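work-v7.pdb, holding PDB, C-alpha atoms:
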ATOM      1  CA  MET T   1     -27.844  -8.150  -4.836
ATOM      2  CA  THR T   2     -25.624  -8.180  -1.753
ATOM      3  CA  ALA T   3     -25.885 -11.963  -1.392
ATOM      4  CA  ARG T   4     -24.780 -12.451  -5.011
ATOM      5  CA  LEU T   5     -21.841 -10.127  -4.614
ATOM      6  CA  ASN T   6     -20.845 -11.811  -1.358
ATOM      7  CA  SER T   7     -20.909 -15.236  -2.995
ATOM      8  CA  ALA T   8     -18.604 -13.965  -5.761
ATOM      9  CA  GLN T   9     -16.177 -12.351  -3.306
ATOM     10  CA  PRO T  10     -13.629 -15.220  -3.183
ATOM     11  CA  TYR T  11     -13.450 -15.206  -6.991
ATOM     12  CA  ALA T  12     -13.029 -11.429  -7.143
ATOM     13  CA  ILE T  13     -10.218 -11.633  -4.575
ATOM     14  CA  GLY T  14      -8.653 -14.495  -6.525
ATOM     15  CA  LEU T  15      -8.706 -12.528  -9.778
ATOM     16  CA  PHE T  16      -7.360  -9.444  -7.981
ATOM     17  CA  ARG T  17      -4.533 -11.586  -6.551
ATOM     18  CA  ILE T  18      -3.699 -13.025  -9.980
ATOM     19  CA  VAL T  19      -3.513  -9.619 -11.662
ATOM     20  CA  ALA T  20      -1.503  -8.006  -8.854
ATOM     21  CA  GLY T  21       0.914 -10.946  -8.696
ATOM     22  CA  LEU T  22       1.391 -11.008 -12.471
ATOM     23  CA  LEU T  23       2.091  -7.285 -12.686
ATOM     24  CA  PHE T  24       4.503  -7.439  -9.744
ATOM     25  CA  ALA T  25       6.355 -10.449 -11.173
ATOM     26  CA  CYS T  26       6.649  -8.627 -14.514
ATOM     27  CA  HIS T  27       8.476  -5.771 -12.770
ATOM     28  CA  GLY T  28      10.925  -8.230 -11.247
ATOM     29  CA  ALA T  29      11.466 -10.069 -14.547
ATOM     30  CA  ALA T  30      12.034  -6.789 -16.375
ATOM     31  CA  SER T  31      14.627  -5.654 -13.841
ATOM     32  CA  LEU T  32      16.448  -8.994 -13.572
ATOM     33  CA  PHE T  33      16.327 -10.241 -17.173
ATOM     34  CA  GLY T  34      15.790  -7.119 -19.282
ATOM     35  CA  VAL T  35      12.514  -8.423 -20.727
ATOM     36  CA  LEU T  36       9.353  -6.365 -21.212
ATOM     37  CA  GLY T  37      11.340  -3.180 -21.755
ATOM     38  CA  GLY T  38      13.942  -3.812 -19.064
ATOM     39  CA  ALA T  39      14.473  -2.095 -15.755
ATOM     40  CA  ALA T  40      13.228   1.467 -15.373
ATOM     41  CA  GLY T  41      15.844   3.983 -16.398
ATOM     42  CA  THR T  42      18.152   1.443 -18.106
ATOM     43  CA  LYS T  43      16.878   1.661 -21.711
ATOM     44  CA  GLY T  44      16.037  -2.041 -21.796
ATOM     45  CA  GLY T  45      18.821  -3.220 -19.511
ATOM     46  CA  THR T  46      18.906  -4.947 -16.158
ATOM     47  CA  VAL T  47      19.834  -3.839 -12.683
ATOM     48  CA  PRO T  48      23.379  -4.795 -11.664
ATOM     49  CA  THR T  49      23.523  -8.056  -9.726
ATOM     50  CA  GLY T  50      23.667  -7.430  -6.000
ATOM     51  CA  ALA T  51      23.081  -3.661  -6.309
ATOM     52  CA  TRP T  52      21.331  -2.412  -3.160
ATOM     53  CA  PRO T  53      18.348  -2.026  -3.052
ATOM     54  CA  PHE T  54      17.327  -2.438  -6.690
ATOM     55  CA  TRP T  55      18.497  -6.007  -7.366
ATOM     56  CA  TYR T  56      17.069  -7.272  -4.079
ATOM     57  CA  ALA T  57      13.778  -5.497  -4.777
ATOM     58  CA  ALA T  58      13.649  -7.145  -8.200
ATOM     59  CA  VAL T  59      14.182 -10.594  -6.668
ATOM     60  CA  ILE T  60      11.389  -9.927  -4.162
ATOM     61  CA  GLN T  61       9.160  -8.688  -6.980
ATOM     62  CA  LEU T  62       9.756 -11.767  -9.112
ATOM     63  CA  VAL T  63       9.485 -14.390  -6.368
ATOM     64  CA  ALA T  64       6.721 -12.789  -4.279
ATOM     65  CA  GLY T  65       4.812 -11.829  -7.422
ATOM     66  CA  ALA T  66       4.962 -15.397  -8.740
ATOM     67  CA  LEU T  67       3.862 -16.827  -5.378
ATOM     68  CA  VAL T  68       0.970 -14.389  -5.145
ATOM     69  CA  LEU T  69       0.060 -15.096  -8.783
ATOM     70  CA  VAL T  70      -0.363 -18.830  -8.179
ATOM     71  CA  GLY T  71      -1.748 -18.323  -4.678
ATOM     72  CA  LEU T  72       0.946 -20.247  -2.809
ATOM     73  CA  GLY T  73       1.957 -18.826   0.564
ATOM     74  CA  THR T  74      -0.054 -15.786  -0.409
ATOM     75  CA  ARG T  75      -0.152 -14.068   2.970
ATOM     76  CA  GLY T  76       3.597 -14.328   3.579
ATOM     77  CA  ALA T  77       4.548 -13.401   0.023
ATOM     78  CA  ALA T  78       2.117 -10.474   0.041
ATOM     79  CA  PHE T  79       3.557  -9.283   3.368
ATOM     80  CA  MET T  80       7.083  -9.270   1.892
ATOM     81  CA  ALA T  81       5.858  -7.544  -1.263
ATOM     82  CA  SER T  82       3.963  -4.913   0.715
ATOM     83  CA  GLY T  83       6.968  -4.197   2.895
ATOM     84  CA  SER T  84       9.287  -3.889  -0.084
ATOM     85  CA  MET T  85       6.943  -1.382  -1.685
ATOM     86  CA  ALA T  86       6.677   0.619   1.534
ATOM     87  CA  TYR T  87      10.477   0.735   1.620
ATOM     88  CA  ALA T  88      10.563   1.743  -2.060
ATOM     89  CA  TYR T  89       8.157   4.576  -1.434
ATOM     90  CA  PHE T  90       9.809   6.013   1.656
ATOM     91  CA  ASP T  91      13.417   5.496   0.542
ATOM     92  CA  VAL T  92      13.231   6.187  -3.194
ATOM     93  CA  HIS T  93      10.170   8.358  -3.838
ATOM     94  CA  GLN T  94       9.193  10.258  -0.696
ATOM     95  CA  PRO T  95      12.461  12.238  -0.356
ATOM     96  CA  ASP T  96      11.636  13.950  -3.684
ATOM     97  CA  ALA T  97       8.228  15.252  -2.577
ATOM     98  CA  LEU T  98       5.510  14.507  -0.035
ATOM     99  CA  TRP T  99       2.668  13.335  -2.285
ATOM    100  CA  PRO T 100       2.904  10.262  -4.544
ATOM    101  CA  ILE T 101       1.565  12.244  -7.509
ATOM    102  CA  GLN T 102       4.507  14.622  -7.097
ATOM    103  CA  ASN T 103       7.274  12.065  -6.531
ATOM    104  CA  GLY T 104       6.284   9.303  -8.970
ATOM    105  CA  GLY T 105       5.484   6.859  -6.191
ATOM    106  CA  GLU T 106       1.859   6.052  -7.067
ATOM    107  CA  LEU T 107       2.697   2.533  -8.234
ATOM    108  CA  SER T 108       4.694   1.780  -5.086
ATOM    109  CA  VAL T 109       1.829   2.998  -2.905
ATOM    110  CA  LEU T 110      -0.798   1.039  -4.840
ATOM    111  CA  PHE T 111       1.241  -2.169  -4.780
ATOM    112  CA  CYS T 112       1.950  -1.694  -1.066
ATOM    113  CA  TRP T 113      -1.716  -1.366  -0.157
ATOM    114  CA  ALA T 114      -2.884  -4.031  -2.626
ATOM    115  CA  PHE T 115      -0.524  -6.590  -1.135
ATOM    116  CA  LEU T 116      -1.375  -5.515   2.402
ATOM    117  CA  LEU T 117      -5.020  -6.192   1.561
ATOM    118  CA  LEU T 118      -4.066  -9.713   0.426
ATOM    119  CA  VAL T 119      -2.282 -10.283   3.741
ATOM    120  CA  PHE T 120      -5.654  -9.895   5.449
ATOM    121  CA  THR T 121      -7.955 -11.471   2.845
ATOM    122  CA  GLY T 122      -5.806 -14.427   1.834
ATOM    123  CA  SER T 123      -5.647 -15.874  -1.643
ATOM    124  CA  GLY T 124      -9.352 -16.069  -2.390
ATOM    125  CA  ALA T 125     -10.490 -18.642  -4.912
ATOM    126  CA  LEU T 126      -8.369 -20.153  -7.654
ATOM    127  CA  GLY T 127      -5.191 -20.378  -5.592
ATOM    128  CA  LEU T 128      -2.920 -23.227  -4.567
ATOM    129  CA  ASP T 129      -3.361 -22.217  -0.912
ATOM    130  CA  ARG T 130      -6.952 -23.431  -1.057
ATOM    131  CA  LEU T 131      -5.990 -26.661  -2.796
ATOM    132  CA  PHE T 132      -3.448 -27.528  -0.113
ATOM    133  CA  ALA T 133      -5.787 -26.400   2.672
ATOM    134  CA  SER T 134      -8.550 -28.684   1.421
ATOM    135  CA  ARG T 135      -6.113 -31.600   1.107
ATOM    136  CA  SER T 136      -4.750 -31.113   4.611
ATOM    137  CA  ALA T 137      -8.273 -30.730   6.006
ATOM    138  CA  ALA T 138      -9.280 -34.014   4.329
ATOM    139  CA  GLY T 139      -6.184 -35.705   5.760
ATOM    140  CA  GLU T 140      -6.944 -34.393   9.245
ATOM    141  CA  LYS T 141     -10.516 -35.625   8.961
ATOM    142  CA  GLU T 142      -9.346 -39.085   7.872
ATOM    143  CA  ARG T 143      -6.768 -39.306  10.685
ATOM    144  CA  ALA T 144      -9.409 -38.273  13.224
ATOM    145  CA  SER T 145     -11.738 -41.040  12.068
ATOM    146  CA  HIS T 146      -9.164 -43.785  12.784
ATOM    147  CA  PRO T 147      -8.601 -44.453  16.485
ATOM    148  CA  VAL T 148      -5.037 -44.705  17.686
ATOM    149  CA  ALA T 149      -4.203 -48.092  19.169
ATOM    150  CA  ALA T 150      -2.206 -48.108  22.366
TER     151      ALA T 150
END
Let me see the file written as structure tokens.
Amino acid sequence: MTARLNSAQPYAIGLFRIVAGLLFACHGAASLFGVLGGAAGTKGGTVPTGAWPFWYAAVIQLVAGALVLVGLGTRGAAFMASGSMAYAYFDVHQPDALWPIQNGGELSVLFCWAFLLLVFTGSGALGLDRLFASRSAAGEKERASHPVAA
């Protein structure tokens, strides 16, 4: 049973990455464009352009979420996303109460830790990171097989 689960691990990580990236990108799209119900607390509206920190957080959510979704630059995008959610928790939620269940910060905490996990695991299967890695590895192998003339 363990061997089967281990062989499916890259696919499970890939699916986890896709779902987390999609949900994160949806938050950014809602805040920036007013789709999917709009930004939280705006009754379907958007966050004002350039408003600190909400507009910048929405841009990070949209861009990092899309990159994580397709698995391109996953570790870097997930690091940015994780950091933005840590900031959101400690700056926006934590001053209201200590525990996430009390201050409404559960989603920020979950996104923070989910993206931090992806920093360490990488994109898993089904991501563009793997496609480019296999192409560059094939190119390196081909270059190594041809001697350099002096």
| message | At a cut-off of 8 Å, using only C-alpha atoms, what residues contact segment 77-87 of chain T? Leave out same-chain residues fewer than 4 positions from it and give the result as a PyMOL selection string. | response | chain T and resi 57+60-61+64-65+67-68+73+91-92+108-109+111-116+118-119
| said: Taking only C-alpha atoms into account, name the residue in T:Ala25, T:Ala88, T:Leu98, T:Leu36 that is nearest to Trp52 of chain T. | reply: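 For Trp52 of chain T, the nearest of the given residues is T:Ala88.
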| task | For the file shown, report as a ChimeraX atom specification the outcome of the PyMOL selection byres ((chain T and resi 126) around 12) at residue level. | result | /T:9-18,68-72,74,122-125,127-132
| So which one's closest to Val47 of chain T, T:Thr2, T:Gln94, T:Ser31, T:Ser7? Using all atoms listed in the file, please. | T:Ser31
Using all atoms of segment 4-12 of chain T that appear in the file, construct an axis-aligned enclosing box with 6 Å of padding on every side and provide its centre coordinates and edge lengths in Å, rounded to one decimal, as JSON.
{"center_x": -18.9, "center_y": -12.7, "center_z": -4.3, "size_x": 23.8, "size_y": 17.1, "size_z": 17.8}
| Shortest interatomic distance to Phe54 of chain T - which of T:Arg75, T:His27, T:Leu22, T:Gly37, counting only C-alpha atoms | T:His27
| query | What is the atom CA of Leu23 of chain T-atom CA of Leu107 of chain T distance in Å, reported with one decimal? | reply |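 Here the two named atoms are 10.8 Å from each other.
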| request: Could you jot down the atom CA of Phe24 of chain T to atom CA of Ala66 of chain T separation for me, Å, one decimal place? | output: 8.0 Å
